[in-house]
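Pasted below: coords.cif, mmCIF, C-alpha atoms.
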```cif
data_upload
#
loop_
_atom_site.label_atom_id
_atom_site.label_comp_id
_atom_site.auth_asym_id
_atom_site.auth_seq_id
_atom_site.Cartn_x
_atom_site.Cartn_y
_atom_site.Cartn_z
CA MET A 6 27.72 -61.12 3.97
CA LYS A 7 25.13 -61.62 6.69
CA LYS A 8 23.04 -64.73 6.19
CA THR A 9 19.71 -65.68 7.78
CA ILE A 10 18.76 -69.35 8.07
CA TRP A 11 15.34 -70.33 9.36
CA PHE A 12 15.05 -73.90 10.66
CA ILE A 13 11.37 -74.86 10.60
CA ARG A 14 9.90 -77.99 12.09
CA HIS A 15 7.42 -79.67 9.75
CA ALA A 16 3.67 -79.37 10.36
CA GLU A 17 1.81 -82.00 12.36
CA SER A 18 2.24 -85.40 10.73
CA LEU A 19 -0.09 -88.38 10.86
CA SER A 20 2.38 -89.99 13.25
CA ASN A 21 2.38 -86.91 15.51
CA ALA A 22 -1.42 -87.10 15.52
CA GLY A 23 -1.35 -90.71 16.78
CA PHE A 24 -2.05 -92.59 13.56
CA ALA A 25 -0.26 -95.82 12.68
CA THR A 26 2.36 -95.50 9.95
CA ASP A 27 4.49 -97.90 7.91
CA THR A 28 7.75 -96.06 7.26
CA PRO A 29 9.62 -93.16 8.89
CA HIS A 30 10.12 -91.32 5.58
CA ALA A 31 6.73 -91.46 3.84
CA ILE A 32 4.45 -90.00 6.50
CA GLY A 33 1.84 -87.46 5.41
CA LEU A 34 0.38 -84.51 7.27
CA SER A 35 -2.76 -84.63 9.38
CA GLU A 36 -5.65 -82.27 8.63
CA LYS A 37 -4.28 -79.98 11.34
CA GLY A 38 -0.85 -80.22 9.75
CA LEU A 39 -2.18 -79.22 6.33
CA ALA A 40 -3.81 -76.17 7.93
CA GLN A 41 -0.55 -75.34 9.72
CA ALA A 42 1.37 -75.46 6.43
CA GLU A 43 -1.14 -73.07 4.85
CA ALA A 44 -0.89 -70.73 7.87
CA LEU A 45 2.89 -70.74 7.62
CA ALA A 46 2.74 -69.63 3.98
CA VAL A 47 0.23 -66.86 4.72
CA GLN A 48 2.14 -65.53 7.74
CA TRP A 49 5.64 -65.71 6.22
CA ARG A 50 6.89 -62.16 5.64
CA THR A 51 10.36 -62.46 4.07
CA GLU A 52 10.82 -64.03 0.67
CA PRO A 53 13.58 -66.62 0.92
CA ASP A 54 16.33 -66.97 -1.67
CA LEU A 55 16.29 -70.74 -1.20
CA MET A 56 14.05 -73.38 0.34
CA VAL A 57 15.48 -76.63 1.68
CA VAL A 58 13.56 -79.82 2.42
CA SER A 59 14.63 -83.20 3.75
CA ARG A 60 14.04 -86.52 2.01
CA TYR A 61 11.18 -87.19 4.42
CA SER A 62 7.94 -86.26 2.70
CA ARG A 63 6.40 -84.32 5.59
CA THR A 64 8.88 -81.48 5.07
CA GLY A 65 7.98 -81.19 1.41
CA PHE A 66 4.26 -81.15 2.24
CA THR A 67 4.91 -78.39 4.80
CA ALA A 68 6.88 -76.30 2.32
CA GLU A 69 4.40 -76.71 -0.55
CA PRO A 70 2.04 -73.77 0.24
CA LEU A 71 5.01 -71.39 0.55
CA ARG A 72 6.44 -72.78 -2.68
CA LYS A 73 3.18 -71.90 -4.44
CA ILE A 74 3.42 -68.30 -3.23
CA HIS A 75 7.08 -68.03 -4.33
CA PRO A 76 7.35 -70.37 -7.34
CA GLN A 77 10.53 -68.61 -8.51
CA VAL A 78 12.46 -69.63 -5.37
CA PRO A 79 14.56 -72.76 -5.91
CA VAL A 80 13.97 -75.78 -3.69
CA ILE A 81 16.70 -78.30 -2.95
CA GLU A 82 16.97 -81.41 -0.79
CA LEU A 83 19.71 -81.66 1.84
CA PRO A 84 20.32 -84.42 4.42
CA VAL A 85 18.37 -82.68 7.19
CA HIS A 86 16.01 -85.64 7.69
CA GLU A 87 15.02 -86.86 11.12
CA LEU A 88 17.16 -89.06 13.33
CA THR A 89 16.03 -92.60 12.51
CA PHE A 90 17.44 -94.41 15.52
CA LEU A 91 15.02 -97.33 15.20
CA ALA A 92 15.21 -99.63 12.19
CA PRO A 93 12.42 -98.74 9.73
CA ALA A 94 11.07 -102.30 9.99
CA ARG A 95 9.91 -101.41 13.49
CA TYR A 96 7.59 -98.74 12.06
CA VAL A 97 5.32 -100.99 10.01
CA GLY A 98 1.77 -100.56 11.28
CA THR A 99 2.88 -98.91 14.54
CA THR A 100 2.14 -95.66 16.36
CA GLU A 101 4.54 -93.45 18.31
CA THR A 102 3.08 -94.97 21.49
CA LEU A 103 3.90 -98.52 20.37
CA ARG A 104 7.46 -97.45 19.53
CA ARG A 105 7.97 -95.86 22.93
CA GLU A 106 9.51 -98.92 24.61
CA PRO A 107 12.15 -99.68 21.94
CA ALA A 108 12.92 -95.95 21.87
CA ARG A 109 13.43 -96.00 25.65
CA GLN A 110 15.76 -98.95 25.31
CA TYR A 111 17.76 -97.16 22.61
CA TRP A 112 18.37 -94.07 24.72
CA GLU A 113 18.99 -96.13 27.86
CA ARG A 114 21.73 -98.02 25.98
CA CYS A 115 23.37 -94.65 25.29
CA ASP A 116 25.90 -95.97 22.80
CA PRO A 117 26.65 -93.32 20.15
CA ASP A 118 27.91 -96.00 17.74
CA TYR A 119 24.96 -98.39 18.09
CA CYS A 120 22.85 -98.96 14.96
CA ASP A 121 19.46 -100.61 15.43
CA GLY A 122 19.38 -102.29 12.02
CA GLU A 123 19.07 -101.76 8.29
CA GLY A 124 17.97 -98.22 7.47
CA ALA A 125 18.75 -96.87 10.95
CA GLU A 126 21.74 -94.70 11.84
CA SER A 127 23.91 -94.27 14.87
CA PHE A 128 23.71 -91.15 16.99
CA ARG A 129 27.30 -90.31 16.02
CA ASP A 130 26.46 -90.51 12.31
CA PHE A 131 23.37 -88.35 12.87
CA CYS A 132 25.40 -85.65 14.64
CA ALA A 133 28.03 -85.65 11.88
CA ARG A 134 25.30 -85.46 9.22
CA ILE A 135 23.66 -82.42 10.81
CA ASP A 136 26.98 -80.68 11.49
CA ASP A 137 27.88 -81.15 7.81
CA ALA A 138 24.46 -79.93 6.64
CA VAL A 139 24.75 -76.76 8.74
CA GLU A 140 28.20 -76.09 7.30
CA THR A 141 26.83 -76.60 3.78
CA LEU A 142 24.12 -74.03 4.50
CA ARG A 143 26.70 -71.60 5.87
CA GLN A 144 28.78 -71.89 2.71
CA ARG A 145 25.94 -71.35 0.24
CA ALA A 146 25.67 -68.01 -1.58
CA GLU A 147 21.99 -67.38 -0.72
CA GLU A 148 21.39 -64.84 2.06
CA ARG A 149 17.93 -66.03 3.20
CA ILE A 150 17.39 -69.78 3.49
CA ALA A 151 14.25 -71.50 4.81
CA VAL A 152 15.02 -75.05 5.96
CA PHE A 153 12.07 -77.39 6.52
CA CYS A 154 13.30 -80.11 8.84
CA HIS A 155 12.54 -82.04 12.04
CA ALA A 156 12.53 -81.80 15.83
CA TYR A 157 15.66 -83.87 16.50
CA VAL A 158 17.49 -81.93 13.80
CA ILE A 159 16.66 -78.59 15.40
CA LYS A 160 17.55 -79.90 18.86
CA SER A 161 20.85 -81.21 17.54
CA ILE A 162 21.67 -77.76 16.14
CA LEU A 163 20.70 -76.07 19.42
CA TRP A 164 22.74 -78.57 21.45
CA ARG A 165 25.75 -78.06 19.20
CA GLN A 166 25.51 -74.30 19.75
CA LEU A 167 25.72 -74.95 23.49
CA ASN A 168 28.58 -77.45 23.05
CA PRO A 169 30.43 -76.33 19.92
CA ASP A 170 33.63 -78.31 20.41
CA ALA A 171 32.38 -81.31 22.38
CA PRO A 172 33.15 -84.77 20.98
CA VAL A 173 30.23 -87.14 20.48
CA THR A 174 30.67 -89.48 23.43
CA ALA A 175 28.24 -91.44 25.59
CA ASP A 176 28.12 -88.46 27.96
CA TYR A 177 27.35 -86.09 25.08
CA MET A 178 24.55 -88.41 23.95
CA ARG A 179 23.17 -88.77 27.48
CA ASP A 180 23.20 -85.02 28.03
CA PHE A 181 21.61 -84.44 24.63
CA PHE A 182 18.75 -86.78 25.52
CA SER A 183 18.19 -84.92 28.78
CA PHE A 184 18.11 -81.69 26.76
CA HIS A 185 15.73 -83.31 24.27
CA LEU A 186 13.26 -84.11 27.07
CA ARG A 187 13.34 -80.51 28.32
CA CYS A 188 13.35 -78.76 24.95
CA VAL A 189 9.91 -78.72 23.32
CA VAL A 190 9.89 -77.96 19.59
CA PRO A 191 6.26 -77.67 18.43
CA ASN A 192 5.21 -78.32 14.85
CA VAL A 193 5.87 -75.29 12.58
CA MET A 194 8.09 -73.69 15.23
CA VAL A 195 10.69 -71.48 13.53
CA TYR A 196 14.24 -71.07 14.81
CA PRO A 197 16.02 -68.20 12.99
CA PHE A 198 19.81 -67.95 12.98
CA GLU A 199 22.18 -65.35 11.60
CA CYS A 200 25.79 -65.82 10.59
CA GLU A 201 28.41 -63.70 8.90
CA GLY A 202 31.71 -64.89 7.51
CA ASP A 203 33.34 -67.46 9.78
CA ALA A 204 31.46 -66.29 12.87
CA PRO A 205 29.35 -68.90 14.72
CA LEU A 206 25.63 -69.11 14.16
CA PHE A 207 23.71 -66.65 16.32
CA MET A 208 20.14 -67.59 17.25
CA LEU A 209 17.43 -64.94 17.08
CA THR A 210 14.08 -65.19 18.85
CA PRO A 211 12.16 -68.36 17.84
CA PHE A 212 8.52 -67.98 16.85
CA GLU A 213 5.61 -70.36 16.37
CA ILE A 214 3.10 -70.29 13.54
CA LYS A 215 -0.45 -70.37 14.88
#
```

Let me see the structure of the file written as C-alpha cells.
Amino acid sequence: MKKTIWFIRHAESLSNAGFATDTPHAIGLSEKGLAQAEALAVQWRTEPDLMVVSRYSRTGFTAEPLRKIHPQVPVIELPVHELTFLAPARYVGTTETLRREPARQYWERCDPDYCDGEGAESFRDFCARIDDAVETLRQRAEERIAVFCHAYVIKSILWRQLNPDAPVTADYMRDFFSFHLRCVVPNVMVYPFECEGDAPLFMLTPFEIK
C-alpha cells in the first residue's frame, strides 16, 4: 500500500510575528497566520484520511479551517511538537529576539544529552521522539495523512533522510544545526512524502501555501 504523508509547518504564530509570549506550547496565531490557515484549507485538493496535530496549540489552530471542511476526517495528537531546547521558564514575557542569546549558547554547547531545565528536552530525546513518530505514521492504516507540525520537526525528518543510519552524536547535532541555518521552512510550507511497505520515505516536491 502506497502512503502519502504531508508534513505541514504551522501558520505564522504570535511568536513568529515578534510578539512576547509566556509558554512554548500555548502560542496563538497572528492575524497573518489565521489568514494562512484559511488559505491552506481553501487550496488543499486531496481529502486526507487522517489529520495529525501536535500538543502545541498553533498546530491545532492551523488545522482548524481544514477540519471544518472535512469534519468526518479523524484528528489525533502525536508527539510531533517542536523541539523545546530552552526551559519553558525562559519564555515568560520574552520574544524570539530576547531568546536568541540563550539559544546561541545551547547550540554552541553542542551536547546532545544536555537538558536546559524542567520542561525542556535534550537533542537526543527530540531526535528519538521524531524518529518514533515517523515510524508510527508509517505503520498506520490510513493512506493519506496530513501532519501539522513545526520547523525543527520537519528539518529533523529531512536531516534523517540524508543521514538514515547516523547515530546522534555531537557531530550529528553540529551538522544538523548547520543544516538548520541553511534550510528555510516557511510557515504553511508543505513537505509531501510517499512510502510503500518497508521502503524508506521518498520526498516529493515541497510547496508553499500563499

task: Name the residues captured by the PyMOL selection byres ((chain A and resi 182) around 12) when it is applied to the shown file; answer as an NGL selection string.
output: :A and (108-109 or 111-117 or 128 or 157 or 160-161 or 164 or 175-181 or 183-188)

task: Can you work out which one of A:Leu163, A:Ile214, A:Ala151, A:Leu19 has the shortest atom-to-atom distance to Ala31 of chain A, counting only C-alpha atoms?
output: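 Under the stated criterion, the closest residue is A:Leu19.
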
Carefully work through the PyMOL selection byres ((chain A and resi 82) around 8) for this structure and note down the residues it includes, as a PDB file with C-alpha atoms, in the frame of the given file.
```
ATOM      1  CA  VAL A  57      15.480 -76.630   1.680  1.00  0.00           C
ATOM      2  CA  VAL A  58      13.560 -79.820   2.420  1.00  0.00           C
ATOM      3  CA  SER A  59      14.630 -83.200   3.750  1.00  0.00           C
ATOM      4  CA  ARG A  60      14.040 -86.520   2.010  1.00  0.00           C
ATOM      5  CA  VAL A  80      13.970 -75.780  -3.690  1.00  0.00           C
ATOM      6  CA  ILE A  81      16.700 -78.300  -2.950  1.00  0.00           C
ATOM      7  CA  LEU A  83      19.710 -81.660   1.840  1.00  0.00           C
ATOM      8  CA  PRO A  84      20.320 -84.420   4.420  1.00  0.00           C
TER       9      PRO A  84
END
```

query: Which distance in Å separates atom CA of Pro191 of chain A and atom CA of Ala171 of chain A, to one decimal?
result: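 Between atom CA of Pro191 of chain A and atom CA of Ala171 of chain A the gap is 26.7 Å.
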
message: Assuming the chain letters and numbering stay as they are in my file, what does the PyMOL selection byres ((chain A and resi 45) around 12) actually select? List them as a ChimeraX atom specification.
response: /A:13-16,38-44,46-51,66-72,74,151,153,192-195,212-215

Shell around segment 52-54 of chain A at 7 Å using all atoms listed in the file, local window under 5 positions removed, as a ChimeraX atom specification: /A:78,147-151

task: Please measure the separation of atom CA of Tyr61 of chain A and atom CA of Thr28 of chain A, giving the value in Å to one decimal.
output: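 Separating atom CA of Tyr61 of chain A from atom CA of Thr28 of chain A is a distance of 9.9 Å.
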
message: Please compute the atom CA of Ser35 of chain A-atom CA of Glu101 of chain A distance, one decimal, in Å.
response: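 A separation of 14.5 Å between them.
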
Take segment 180-195 of chain A, bring it up to N, CA, C and O atoms, and give me the output as a PDB file, keeping the file's coordinate frame.
```pdb
ATOM      1  N   ASP A 180      23.581 -86.400  27.735  1.00  0.00           N
ATOM      2  CA  ASP A 180      23.200 -85.020  28.030  1.00  0.00           C
ATOM      3  C   ASP A 180      22.276 -84.463  26.947  1.00  0.00           C
ATOM      4  O   ASP A 180      21.366 -83.679  27.241  1.00  0.00           O
ATOM      5  N   PHE A 181      22.509 -84.866  25.699  1.00  0.00           N
ATOM      6  CA  PHE A 181      21.610 -84.440  24.630  1.00  0.00           C
ATOM      7  C   PHE A 181      20.198 -84.962  24.879  1.00  0.00           C
ATOM      8  O   PHE A 181      19.214 -84.235  24.690  1.00  0.00           O
ATOM      9  N   PHE A 182      20.079 -86.218  25.297  1.00  0.00           N
ATOM     10  CA  PHE A 182      18.750 -86.780  25.520  1.00  0.00           C
ATOM     11  C   PHE A 182      18.042 -86.052  26.659  1.00  0.00           C
ATOM     12  O   PHE A 182      16.830 -85.803  26.585  1.00  0.00           O
ATOM     13  N   SER A 183      18.781 -85.702  27.691  1.00  0.00           N
ATOM     14  CA  SER A 183      18.190 -84.920  28.780  1.00  0.00           C
ATOM     15  C   SER A 183      17.705 -83.569  28.249  1.00  0.00           C
ATOM     16  O   SER A 183      16.607 -83.109  28.593  1.00  0.00           O
ATOM     17  N   PHE A 184      18.506 -82.951  27.397  1.00  0.00           N
ATOM     18  CA  PHE A 184      18.110 -81.690  26.760  1.00  0.00           C
ATOM     19  C   PHE A 184      16.883 -81.899  25.886  1.00  0.00           C
ATOM     20  O   PHE A 184      15.949 -81.080  25.896  1.00  0.00           O
ATOM     21  N   HIS A 185      16.867 -82.978  25.126  1.00  0.00           N
ATOM     22  CA  HIS A 185      15.730 -83.310  24.270  1.00  0.00           C
ATOM     23  C   HIS A 185      14.428 -83.394  25.075  1.00  0.00           C
ATOM     24  O   HIS A 185      13.383 -82.895  24.621  1.00  0.00           O
ATOM     25  N   LEU A 186      14.471 -83.980  26.249  1.00  0.00           N
ATOM     26  CA  LEU A 186      13.260 -84.110  27.070  1.00  0.00           C
ATOM     27  C   LEU A 186      12.782 -82.756  27.579  1.00  0.00           C
ATOM     28  O   LEU A 186      11.574 -82.553  27.773  1.00  0.00           O
ATOM     29  N   ARG A 187      13.699 -81.830  27.787  1.00  0.00           N
ATOM     30  CA  ARG A 187      13.340 -80.510  28.320  1.00  0.00           C
ATOM     31  C   ARG A 187      12.968 -79.523  27.225  1.00  0.00           C
ATOM     32  O   ARG A 187      12.217 -78.571  27.474  1.00  0.00           O
ATOM     33  N   CYS A 188      13.506 -79.726  26.040  1.00  0.00           N
ATOM     34  CA  CYS A 188      13.350 -78.760  24.950  1.00  0.00           C
ATOM     35  C   CYS A 188      12.178 -79.167  24.058  1.00  0.00           C
ATOM     36  O   CYS A 188      12.262 -80.150  23.319  1.00  0.00           O
ATOM     37  N   VAL A 189      11.111 -78.425  24.122  1.00  0.00           N
ATOM     38  CA  VAL A 189       9.910 -78.720  23.320  1.00  0.00           C
ATOM     39  C   VAL A 189       9.975 -77.907  22.026  1.00  0.00           C
ATOM     40  O   VAL A 189      10.130 -76.685  22.049  1.00  0.00           O
ATOM     41  N   VAL A 190       9.884 -78.607  20.899  1.00  0.00           N
ATOM     42  CA  VAL A 190       9.890 -77.960  19.590  1.00  0.00           C
ATOM     43  C   VAL A 190       8.551 -78.270  18.915  1.00  0.00           C
ATOM     44  O   VAL A 190       8.392 -79.329  18.310  1.00  0.00           O
ATOM     45  N   PRO A 191       7.569 -77.388  19.024  1.00  0.00           N
ATOM     46  CA  PRO A 191       6.260 -77.670  18.430  1.00  0.00           C
ATOM     47  C   PRO A 191       6.319 -77.721  16.902  1.00  0.00           C
ATOM     48  O   PRO A 191       7.257 -77.206  16.281  1.00  0.00           O
ATOM     49  N   ASN A 192       5.328 -78.339  16.305  1.00  0.00           N
ATOM     50  CA  ASN A 192       5.210 -78.320  14.850  1.00  0.00           C
ATOM     51  C   ASN A 192       5.118 -76.876  14.357  1.00  0.00           C
ATOM     52  O   ASN A 192       4.481 -76.033  14.998  1.00  0.00           O
ATOM     53  N   VAL A 193       5.749 -76.604  13.230  1.00  0.00           N
ATOM     54  CA  VAL A 193       5.870 -75.290  12.580  1.00  0.00           C
ATOM     55  C   VAL A 193       6.485 -74.223  13.492  1.00  0.00           C
ATOM     56  O   VAL A 193       6.253 -73.039  13.305  1.00  0.00           O
ATOM     57  N   MET A 194       7.278 -74.634  14.467  1.00  0.00           N
ATOM     58  CA  MET A 194       8.090 -73.690  15.230  1.00  0.00           C
ATOM     59  C   MET A 194       9.280 -73.298  14.364  1.00  0.00           C
ATOM     60  O   MET A 194       9.869 -74.157  13.679  1.00  0.00           O
ATOM     61  N   VAL A 195       9.621 -72.011  14.378  1.00  0.00           N
ATOM     62  CA  VAL A 195      10.690 -71.480  13.530  1.00  0.00           C
ATOM     63  C   VAL A 195      11.837 -70.993  14.396  1.00  0.00           C
ATOM     64  O   VAL A 195      11.639 -70.194  15.312  1.00  0.00           O
TER      65      VAL A 195
END
```
